[in-house]
2 protein chains.
Amino acid sequence: MARRPAPGAHEALLEAAREEICRHGLARARVEDIARRAGISKGAFYLHFRTKDAAFAELVQRLYGALEEQTRRREEAERRFDREHGDEDGPALLRAQLEFEVQVDLESLELLWRNRHVIRALEAAGPAWTRGLADFRRRLQRALRDRIAAKQAAGRLRRDIDPSAVADLLVGTYEGFVRRTAELRQKPDLAGWARSFLTIFYEGMAGPAARAAPPPRTRRATT
Amino acid sequence: MARRPAPGAHEALLEAAREEICRHGLARARVEDIARRAGISKGAFYLHFRTKDAAFAELVQRLYGALEEQTRRREEAERRFDREHGDEDGPALLRAQLEFEVQVDLESLELLWRNRHVIRALEAAGPAWTRGLADFRRRLQRALRDRIAAKQAAGRLRRDIDPSAVADLLVGTYEGFVRRTAELRQKPDLAGWARSFLTIFYEGMAGPAARAAPPPRTRRATT
């Protein structure tokens, strides 16, 4: 009779693969260490995965799934916020937007913090592996650029700003966060980070009108 | 008599190595293609470099040299700006700072644009190669964090912002720029990008005081 995989072993192996690959990198992680960490034999590993790379590929697909899901939830929450605050304007809207974004950003940061080592291992695993991450980043960059442009067109954000630069800033800042925190042992104050970043962002992007009465710039028509 | 390297060949090989490695990645670039592109024989390549990796290492050292030099020049220019504008305050200072930063930022962006393919090739070349880049990034992140903290202590930037988050934002945004522009054929409007990014940054970081009269928040002491 052929050997059957033990129940629970697949998850245990994935978790062990995550630990070993994050610690040593994909190239240097060893199947026997992954199996030992999961408490099963090296032979049993191959009942679940053809190769070490196949186990990592599964981890990476789960990461993409989580990132896509979080992006979707966030977009939905932001559309809802826009609907609910469609009539508001000025400093009150800016404050409400900031409080709302700190909340949703915290979920994104928790996800990035939990997956920081997988993301770093993925970036280090070479061109064949980073293509998917580059695709995700590109889609996110474009979606953010279009979202900013739409808000500018609707008069909710200042129009003198290149939406591509804004998208570079947003995507880059989260990547900077992942990079720095991948080296930390203690979880940093994620809410404080979110509030700092979003304060700069929204106060900078709101334009003078949303912060206070704008200074007169052009002479009024006298008709 | 041993063969002597031809004058100019070293530079031609470096330039050819840059082209081939940026196009195909370090792992897949071939010494014979590098030599052919430089117009010399494969054997002559080895008069200059022990391996393909040695040629790439030289390109990378030049990149670090250029990045360090640009960072140094920028810090110097910023210290000079701070000295010259030490007495100023409020919206006028904010405008002056923005104009100044757009100018120095343009030099940084030109450097990153020129080297965008080498930076991308370096990031893709694996853990042994990325260590130096990670070190540079870490030093830059800390220097920026300390600079922001000093400006906050001097009352020139708002204090309710975590300086580490600001440094993540700055470093990350430039990396986002490199990533996105590495895929462009046409040089984008670097000055426009700099102005967009820095407007968000300085208006967000200046705090209400530098932009306009702050709204009253606390009751005054009645003594």
# chains A, B, ... in the order shown; residues from 1 in each chain; ligands from 1
>>> interface_residues(of="chain B", to="chain A", cutoff="6 Å", atoms="only C-alpha atoms", output="list in words")
Ala124, Gly126, Pro127, Ile161, Asp162, Ala165, Asp168, Leu169, Gly172, Thr173, Gly176, Phe177, Trp193, Ser196, Ile200, Glu203, Gly204 and Met205 of chain B
>>> calpha_fit_and_write(fixed="chain B", moving="chain A", output="short mmCIF file (atom, residue, chain, number, x, y, z; two decimals) with C-alpha atoms, in the first residue's frame")
data_model
loop_
_atom_site.label_atom_id
_atom_site.label_comp_id
_atom_site.auth_asym_id
_atom_site.auth_seq_id
_atom_site.Cartn_x
_atom_site.Cartn_y
_atom_site.Cartn_z
CA MET A 1 55.91 38.58 -23.84
CA ALA A 2 52.68 38.59 -21.83
CA ARG A 3 49.71 40.28 -23.45
CA ARG A 4 49.02 43.78 -22.20
CA PRO A 5 45.52 45.21 -21.86
CA ALA A 6 44.71 47.73 -24.61
CA PRO A 7 44.15 51.30 -23.40
CA GLY A 8 40.46 52.10 -23.09
CA ALA A 9 39.50 48.44 -23.13
CA HIS A 10 38.78 48.32 -19.39
CA GLU A 11 36.18 51.08 -19.63
CA ALA A 12 34.70 49.59 -22.79
CA LEU A 13 34.38 46.23 -21.06
CA LEU A 14 32.75 47.78 -18.01
CA GLU A 15 30.24 49.57 -20.20
CA ALA A 16 29.57 46.36 -22.13
CA ALA A 17 29.22 44.38 -18.87
CA ARG A 18 26.72 46.96 -17.63
CA GLU A 19 24.65 46.58 -20.81
CA GLU A 20 24.72 42.78 -20.85
CA ILE A 21 24.10 42.33 -17.13
CA CYS A 22 21.29 44.88 -17.05
CA ARG A 23 19.68 43.19 -20.02
CA HIS A 24 20.03 39.53 -19.06
CA GLY A 25 20.79 39.56 -15.33
CA LEU A 26 24.10 38.62 -13.76
CA ALA A 27 23.49 34.88 -13.88
CA ARG A 28 22.69 34.77 -17.60
CA ALA A 29 25.04 37.43 -18.97
CA ARG A 30 27.93 35.80 -20.90
CA VAL A 31 31.56 36.83 -20.97
CA GLU A 32 31.76 36.27 -24.72
CA ASP A 33 28.83 38.64 -25.33
CA ILE A 34 30.41 41.26 -23.07
CA ALA A 35 33.72 40.95 -24.93
CA ARG A 36 32.04 41.06 -28.34
CA ARG A 37 30.05 44.16 -27.37
CA ALA A 38 33.30 45.83 -26.26
CA GLY A 39 34.91 44.84 -29.56
CA ILE A 40 37.62 42.64 -28.07
CA SER A 41 38.29 38.92 -27.76
CA LYS A 42 37.00 36.76 -24.94
CA GLY A 43 40.60 36.05 -23.96
CA ALA A 44 41.31 39.78 -23.64
CA PHE A 45 38.39 40.09 -21.19
CA TYR A 46 40.39 38.01 -18.72
CA LEU A 47 43.31 40.44 -18.89
CA HIS A 48 40.98 42.88 -17.11
CA PHE A 49 38.71 40.81 -14.89
CA ARG A 50 39.07 37.43 -13.27
CA THR A 51 35.38 36.69 -13.75
CA LYS A 52 32.10 38.20 -14.92
CA ASP A 53 31.25 38.75 -11.26
CA ALA A 54 34.45 40.79 -10.82
CA ALA A 55 33.36 43.14 -13.61
CA PHE A 56 29.93 43.52 -12.02
CA ALA A 57 31.56 44.13 -8.62
CA GLU A 58 33.45 47.05 -10.14
CA LEU A 59 30.24 48.52 -11.56
CA VAL A 60 28.59 48.12 -8.18
CA GLN A 61 31.46 49.83 -6.35
CA ARG A 62 31.16 52.78 -8.74
CA LEU A 63 27.42 52.92 -8.07
CA TYR A 64 28.04 53.01 -4.31
CA GLY A 65 30.65 55.70 -4.80
CA ALA A 66 28.21 57.82 -6.78
CA LEU A 67 25.40 57.28 -4.25
CA GLU A 68 27.63 58.15 -1.29
CA GLU A 69 28.97 61.23 -3.06
CA GLN A 70 25.48 62.43 -3.94
CA THR A 71 24.29 61.83 -0.36
CA ARG A 72 27.26 63.81 0.97
CA ARG A 73 26.69 66.71 -1.43
CA ARG A 74 23.03 66.78 -0.56
CA GLU A 75 23.63 66.82 3.19
CA GLU A 76 26.13 69.62 2.74
CA ALA A 77 23.68 71.65 0.63
CA GLU A 78 20.97 71.10 3.24
CA ARG A 79 23.19 72.22 6.10
CA ARG A 80 24.04 75.33 4.09
CA PHE A 81 20.35 76.00 3.45
CA ASP A 82 19.59 75.61 7.17
CA ARG A 83 22.36 78.08 8.06
CA GLU A 84 21.23 80.64 5.52
CA HIS A 85 17.56 80.42 6.50
CA GLY A 86 18.02 79.92 10.23
CA ASP A 87 16.05 83.04 11.18
CA GLU A 88 13.11 82.54 8.88
CA ASP A 89 9.85 80.90 9.71
CA GLY A 90 6.39 80.13 8.40
CA PRO A 91 5.10 79.97 4.82
CA ALA A 92 8.04 81.86 3.31
CA LEU A 93 10.50 79.33 4.69
CA LEU A 94 8.31 76.48 3.48
CA ARG A 95 8.33 77.88 -0.07
CA ALA A 96 12.09 78.49 -0.01
CA GLN A 97 12.73 74.99 1.32
CA LEU A 98 10.55 73.45 -1.36
CA GLU A 99 12.31 75.30 -4.20
CA PHE A 100 15.69 74.37 -2.79
CA GLU A 101 14.78 70.71 -2.36
CA VAL A 102 13.37 70.42 -5.88
CA GLN A 103 16.79 71.50 -7.16
CA VAL A 104 18.86 69.10 -5.08
CA ASP A 105 16.34 66.30 -5.57
CA LEU A 106 16.70 66.62 -9.31
CA GLU A 107 20.39 65.70 -8.99
CA SER A 108 19.49 62.62 -6.93
CA LEU A 109 16.81 61.59 -9.42
CA GLU A 110 19.17 62.02 -12.37
CA LEU A 111 21.65 59.74 -10.62
CA LEU A 112 18.98 57.13 -9.85
CA TRP A 113 17.62 57.34 -13.40
CA ARG A 114 21.10 56.83 -14.92
CA ASN A 115 21.74 53.85 -12.65
CA ARG A 116 18.26 52.37 -12.53
CA HIS A 117 19.21 49.26 -14.48
CA VAL A 118 22.31 48.56 -12.42
CA ILE A 119 20.30 48.94 -9.20
CA ARG A 120 17.65 46.53 -10.52
CA ALA A 121 20.29 44.03 -11.67
CA LEU A 122 21.95 44.29 -8.27
CA GLU A 123 18.68 43.63 -6.45
CA ALA A 124 18.08 40.59 -8.64
CA ALA A 125 21.60 39.21 -8.25
CA GLY A 126 20.92 37.46 -4.95
CA PRO A 127 21.70 37.81 -1.24
CA ALA A 128 25.49 37.96 -1.55
CA TRP A 129 25.12 41.04 -3.77
CA THR A 130 22.30 42.84 -2.02
CA ARG A 131 24.07 43.11 1.33
CA GLY A 132 25.89 46.28 0.30
CA LEU A 133 22.70 47.86 -0.98
CA ALA A 134 20.90 46.91 2.23
CA ASP A 135 23.73 48.54 4.23
CA PHE A 136 23.50 51.74 2.20
CA ARG A 137 19.73 51.81 2.61
CA ARG A 138 20.04 51.24 6.38
CA ARG A 139 22.58 54.04 6.79
CA LEU A 140 20.45 56.38 4.70
CA GLN A 141 17.32 55.46 6.65
CA ARG A 142 19.04 56.20 9.97
CA ALA A 143 20.64 59.42 8.76
CA LEU A 144 17.28 60.68 7.52
CA ARG A 145 15.54 59.63 10.72
CA ASP A 146 18.12 61.52 12.81
CA ARG A 147 17.91 64.55 10.55
CA ILE A 148 14.11 64.65 10.84
CA ALA A 149 14.30 64.22 14.62
CA ALA A 150 16.80 67.09 14.87
CA LYS A 151 14.54 69.35 12.81
CA GLN A 152 11.61 68.42 15.01
CA ALA A 153 13.61 69.19 18.13
CA ALA A 154 14.52 72.58 16.64
CA GLY A 155 10.82 73.27 16.01
CA ARG A 156 11.23 73.36 12.24
CA LEU A 157 9.04 70.32 11.57
CA ARG A 158 5.92 69.13 13.36
CA ARG A 159 6.66 66.89 16.32
CA ASP A 160 3.64 64.57 16.20
CA ILE A 161 5.24 62.39 13.51
CA ASP A 162 7.38 59.30 14.04
CA PRO A 163 10.76 60.10 12.39
CA SER A 164 11.23 56.42 11.45
CA ALA A 165 8.00 56.49 9.46
CA VAL A 166 9.26 59.60 7.68
CA ALA A 167 12.53 57.87 6.83
CA ASP A 168 10.63 54.80 5.54
CA LEU A 169 8.61 57.13 3.36
CA LEU A 170 11.66 58.94 1.96
CA VAL A 171 13.78 55.88 1.26
CA GLY A 172 10.79 53.89 -0.02
CA THR A 173 9.63 56.61 -2.37
CA TYR A 174 12.99 56.77 -4.13
CA GLU A 175 13.04 53.00 -4.40
CA GLY A 176 9.54 53.10 -5.85
CA PHE A 177 10.82 55.61 -8.38
CA VAL A 178 13.76 53.37 -9.39
CA ARG A 179 11.48 50.35 -9.70
CA ARG A 180 8.89 52.01 -11.89
CA THR A 181 11.29 53.95 -14.07
CA ALA A 182 13.51 50.89 -14.70
CA GLU A 183 10.69 49.75 -16.98
CA LEU A 184 10.34 53.03 -18.88
CA ARG A 185 12.04 53.78 -22.18
CA GLN A 186 11.48 57.51 -22.16
CA LYS A 187 12.88 59.63 -19.37
CA PRO A 188 9.97 60.96 -17.33
CA ASP A 189 9.61 64.56 -16.14
CA LEU A 190 11.99 64.33 -13.19
CA ALA A 191 11.47 67.91 -12.04
CA GLY A 192 7.70 67.41 -12.06
CA TRP A 193 8.07 64.21 -10.06
CA ALA A 194 10.36 65.94 -7.53
CA ARG A 195 7.98 68.85 -7.12
CA SER A 196 4.96 66.57 -6.66
CA PHE A 197 6.65 64.38 -4.11
CA LEU A 198 8.27 67.23 -2.18
CA THR A 199 5.09 69.29 -2.10
CA ILE A 200 3.25 66.45 -0.40
CA PHE A 201 6.17 65.89 1.89
CA TYR A 202 6.87 69.44 3.00
CA GLU A 203 3.29 70.57 3.23
CA GLY A 204 2.49 67.46 5.22
CA MET A 205 5.53 67.77 7.45
CA ALA A 206 5.53 71.50 8.01
CA GLY A 207 2.61 71.42 10.37
CA PRO A 208 -0.10 74.04 10.43
CA ALA A 209 2.21 76.78 11.77
CA ALA A 210 4.35 76.96 8.66
CA ARG A 211 1.39 77.02 6.31
CA ALA A 212 -0.86 79.58 7.93
CA ALA A 213 -1.76 81.01 11.30
CA PRO A 214 -2.43 78.03 13.59
CA PRO A 215 -5.92 77.62 15.02
CA PRO A 216 -6.02 78.27 18.77
CA ARG A 217 -5.71 74.96 20.59
CA THR A 218 -4.99 75.63 24.23
CA ARG A 219 -6.22 78.44 26.40
CA ARG A 220 -3.56 81.00 27.14
CA ALA A 221 -2.20 81.39 30.59
CA THR A 222 -3.74 84.52 32.08
CA THR A 223 -0.75 85.73 34.04
#
